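Q: Have a look at this one before I ask anything.
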Amino acid sequence: MAEEKDRDARARRAIPLIAAAVTLVVVASLIYIRAGKPVSNLASLEPTPSPIPHLSGNYTATFDFLDPSHGWALVLDYGQAYAFWIFETTDGAAHWRSTFRGTASGDFDFVRFDLLYIHFFDTEHGLAFVGRLYRTLDGGASWAAVDTPGEEPFLTFASPSRGWALQLAGDARLYATSDGGTSWTAVDGRLPPAWLGGFIGTPAELAFREDGEGWLGSSQENPIAYTTLDGGRSWREVRLPPASGVSGYLTNVRLIPGGGVLISVYGSAGPLYARDSFDHGATWREVVFPPAPTTLADVSFVGASHWWASRFGYVFQTDDGGATWTQKRRAGLPAGWNIEAAHVLDARHAWWSMVATSDSRETALMMTDDGGASWRAVNVPRPA
């Protein structure tokens, strides 16, 4: 489970998830006029926008897709019922089918809706978090609650079976599981010093590969990240170059397909620089931040070199691992919606969710099948 939030305003607690967009996107419609026909009122010829399918009410939803056709949604009723549903689609969100319904704990922090999480590793194995961790072994037909160590740990899974839990209450401790969370074992050894810095909440980021390679961000006076090759038993400090006039740093780590790691360095005023490495941190290469308004907090990896970075409906792509970026034109974006970061499935397909600017209780979903050049609204699940 290695999912991402916008680190410019990170809550830094619980499951890493999708960063919420906070600006209005307006796209003008093209007007086509038949040649030779007199026109007296251009405004009357503007096409009426098609209604956006959306989920409305005291619900919040999060999504995950394996491919352009197969996806899941976790929907929470944050009213008095505290019910949640898991839905599945096999036709690219044209239709959704409810596969599971449960009730979240009454003491779950419902103010922090960004804690919701659902992720599938393949067509059979998936995880969901709604105040408690659930897992499925049969494609979502059935779900079982999974106990985790301590209260509200920071969880990350590298595979359906292998995961880690960072318990922050009291003395911070790292736990590991090799059976999908059925049992947890405290990891011998101590966490790196000062990895949490002066902040209260989760670390800047924690990510592991199944072979035990792990990376941990930090928040402290110097730009430092930590890495382990033995599942967290021992850690090595990775020092990054300081910036002139900056007295405090946040380092954010993301795993790159193909064995790489991306570290973004932030100061109090925002992003400073980024580096990546494909040899466990022995050597580093400079990565250029895409133009505003994106940062690498929103990056989504297609492969080792092909990445997308997005925010507010702007999409930038790189084919050389962040050395250069190309902006995709924005088409098909409706007005009146705050657009979240894109989640890339392959070089042509991606999806993002949206929240209405006029009513935060309205959620919609859009997909692209042409590499981000155009987007179309698709159906969202609706609890019965």
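Residue numbering restarts at 1 in every chain; chains get A, B, ... in the order shown in the structure tokens, and ligands count up from 1 in that same order.
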Would you return as a ChimeraX atom specification the members of segment 170-283 of chain A that DSSP assigns to strand (DSSP E or B) on this structure's backbone?

A: /A:173-177,185-186,206-208,214-216,219-220,224-228,236-239,249-256,260-267,270-277

Q: Suppose we keep C-alpha atoms; can you now write the selection as an mmCIF file, in the first residue's frame?

A:
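out_24.cif written:
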data_model
loop_
_atom_site.group_PDB
_atom_site.id
_atom_site.type_symbol
_atom_site.label_atom_id
_atom_site.label_comp_id
_atom_site.auth_asym_id
_atom_site.auth_seq_id
_atom_site.Cartn_x
_atom_site.Cartn_y
_atom_site.Cartn_z
ATOM 1 C CA ARG A 173 7.623 0.819 16.716
ATOM 2 C CA LEU A 174 7.682 -0.946 13.376
ATOM 3 C CA TYR A 175 5.802 -4.214 12.829
ATOM 4 C CA ALA A 176 5.801 -6.610 9.872
ATOM 5 C CA THR A 177 3.475 -9.270 8.500
ATOM 6 C CA THR A 185 5.756 -9.286 14.554
ATOM 7 C CA ALA A 186 7.685 -6.384 16.038
ATOM 8 C CA LEU A 206 7.079 5.044 4.379
ATOM 9 C CA ALA A 207 7.407 2.596 1.496
ATOM 10 C CA PHE A 208 8.670 -0.982 1.186
ATOM 11 C CA GLY A 214 12.358 0.299 2.485
ATOM 12 C CA TRP A 215 12.530 4.084 2.485
ATOM 13 C CA LEU A 216 11.473 6.546 5.137
ATOM 14 C CA SER A 219 11.088 16.236 8.850
ATOM 15 C CA GLN A 220 14.039 17.926 10.502
ATOM 16 C CA ILE A 224 17.622 13.485 5.318
ATOM 17 C CA ALA A 225 15.913 10.267 4.272
ATOM 18 C CA TYR A 226 16.535 6.725 5.524
ATOM 19 C CA THR A 227 16.758 3.378 3.787
ATOM 20 C CA THR A 228 16.783 -0.257 4.851
ATOM 21 C CA ARG A 236 21.084 3.914 6.747
ATOM 22 C CA GLU A 237 20.973 7.701 6.699
ATOM 23 C CA VAL A 238 20.865 9.359 3.269
ATOM 24 C CA ARG A 239 21.862 13.023 3.401
ATOM 25 C CA TYR A 249 13.112 20.309 5.533
ATOM 26 C CA LEU A 250 10.577 17.655 4.681
ATOM 27 C CA THR A 251 11.685 14.700 2.566
ATOM 28 C CA ASN A 252 9.065 12.683 0.710
ATOM 29 C CA VAL A 253 9.900 9.255 -0.714
ATOM 30 C CA ARG A 254 8.184 7.366 -3.534
ATOM 31 C CA LEU A 255 9.128 3.997 -5.011
ATOM 32 C CA ILE A 256 9.628 3.946 -8.801
ATOM 33 C CA GLY A 260 14.147 3.175 -8.194
ATOM 34 C CA VAL A 261 13.266 5.685 -5.512
ATOM 35 C CA LEU A 262 12.254 9.327 -5.884
ATOM 36 C CA ILE A 263 12.968 11.768 -3.057
ATOM 37 C CA SER A 264 11.385 15.219 -3.121
ATOM 38 C CA VAL A 265 12.732 17.862 -0.744
ATOM 39 C CA TYR A 266 10.456 20.586 0.590
ATOM 40 C CA GLY A 267 11.000 23.706 2.670
ATOM 41 C CA GLY A 270 7.219 24.662 -0.915
ATOM 42 C CA PRO A 271 9.185 22.263 -3.120
ATOM 43 C CA LEU A 272 12.954 22.780 -3.387
ATOM 44 C CA TYR A 273 14.330 19.956 -5.545
ATOM 45 C CA ALA A 274 14.091 16.225 -6.256
ATOM 46 C CA ARG A 275 16.499 13.344 -6.879
ATOM 47 C CA ASP A 276 16.092 9.731 -7.943
ATOM 48 C CA SER A 277 18.274 6.661 -7.575
#

Q: When you count only C-alpha atoms, which of these residues is closest to Asn338 of chain A: A:Pro257, A:Gly281, A:Gly313, A:Gly189?

A: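 Closest candidate: A:Gly313.
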
Q: To one decimal in Å, tell me the separation between atom CA of Ser305 of chain A and atom CA of Gly332 of chain A.

A: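 One can read the atom CA of Ser305 of chain A to atom CA of Gly332 of chain A distance as 27.2 Å.
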
Q: Considering only C-alpha atoms, return as a PDB file with N, CA and C atoms, in the first residue's frame whatever protein or nucleic-acid residues lie within 8 Å of segment 67-71 of chain A, sequence-local ones (same chain, fewer than 3 positions apart) excluded.

A:
ATOM      1  N   PHE A  63     -11.523   5.371  -4.980  1.00  0.00           N
ATOM      2  CA  PHE A  63     -11.568   4.397  -6.071  1.00  0.00           C
ATOM      3  C   PHE A  63     -10.206   3.738  -6.269  1.00  0.00           C
ATOM      4  N   ASP A  64     -10.241   2.596  -6.975  1.00  0.00           N
ATOM      5  CA  ASP A  64      -9.013   1.951  -7.431  1.00  0.00           C
ATOM      6  C   ASP A  64      -9.354   1.126  -8.666  1.00  0.00           C
ATOM      7  N   GLU A  88     -17.956  -2.905  -7.260  1.00  0.00           N
ATOM      8  CA  GLU A  88     -17.057  -3.393  -8.308  1.00  0.00           C
ATOM      9  C   GLU A  88     -17.635  -3.048  -9.673  1.00  0.00           C
ATOM     10  N   THR A  89     -16.766  -2.680 -10.621  1.00  0.00           N
ATOM     11  CA  THR A  89     -17.170  -2.511 -12.007  1.00  0.00           C
ATOM     12  C   THR A  89     -16.260  -3.348 -12.891  1.00  0.00           C
ATOM     13  N   THR A  90     -16.822  -3.922 -13.933  1.00  0.00           N
ATOM     14  CA  THR A  90     -16.028  -4.699 -14.888  1.00  0.00           C
ATOM     15  C   THR A  90     -16.171  -4.148 -16.297  1.00  0.00           C
ATOM     16  N   ASP A  91     -16.829  -2.987 -16.434  1.00  0.00           N
ATOM     17  CA  ASP A  91     -17.032  -2.393 -17.756  1.00  0.00           C
ATOM     18  C   ASP A  91     -16.657  -0.909 -17.785  1.00  0.00           C
ATOM     19  N   GLY A  92     -15.569  -0.576 -17.080  1.00  0.00           N
ATOM     20  CA  GLY A  92     -15.065   0.789 -17.128  1.00  0.00           C
ATOM     21  C   GLY A  92     -15.978   1.807 -16.496  1.00  0.00           C
ATOM     22  N   ALA A  93     -16.672   1.435 -15.421  1.00  0.00           N
ATOM     23  CA  ALA A  93     -17.538   2.323 -14.647  1.00  0.00           C
ATOM     24  C   ALA A  93     -18.865   2.617 -15.331  1.00  0.00           C
ATOM     25  N   LEU A 345      -3.069   4.219 -15.252  1.00  0.00           N
ATOM     26  CA  LEU A 345      -3.120   2.774 -15.425  1.00  0.00           C
ATOM     27  C   LEU A 345      -2.104   2.289 -16.440  1.00  0.00           C
ATOM     28  N   HIS A 349      -4.332   5.322 -20.403  1.00  0.00           N
ATOM     29  CA  HIS A 349      -5.512   5.299 -19.541  1.00  0.00           C
ATOM     30  C   HIS A 349      -5.191   5.800 -18.134  1.00  0.00           C
ATOM     31  N   ALA A 350      -6.085   6.623 -17.615  1.00  0.00           N
ATOM     32  CA  ALA A 350      -5.955   7.137 -16.253  1.00  0.00           C
ATOM     33  C   ALA A 350      -7.340   7.550 -15.778  1.00  0.00           C
TER      34      ALA A 350
END

Q: Using only C-alpha atoms, find the one residue out of A:Leu166, A:Ala243, A:Val302, A:Ala341 that sits nearest to Glu205 of chain A.

A: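 Ranked by minimum distance to Glu205 of chain A, first place goes to A:Leu166.
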
Q: In Å to one decimal, how far is atom CA of Pro53 of chain A from atom CA of Tyr117 of chain A?

A: 22.0 Å
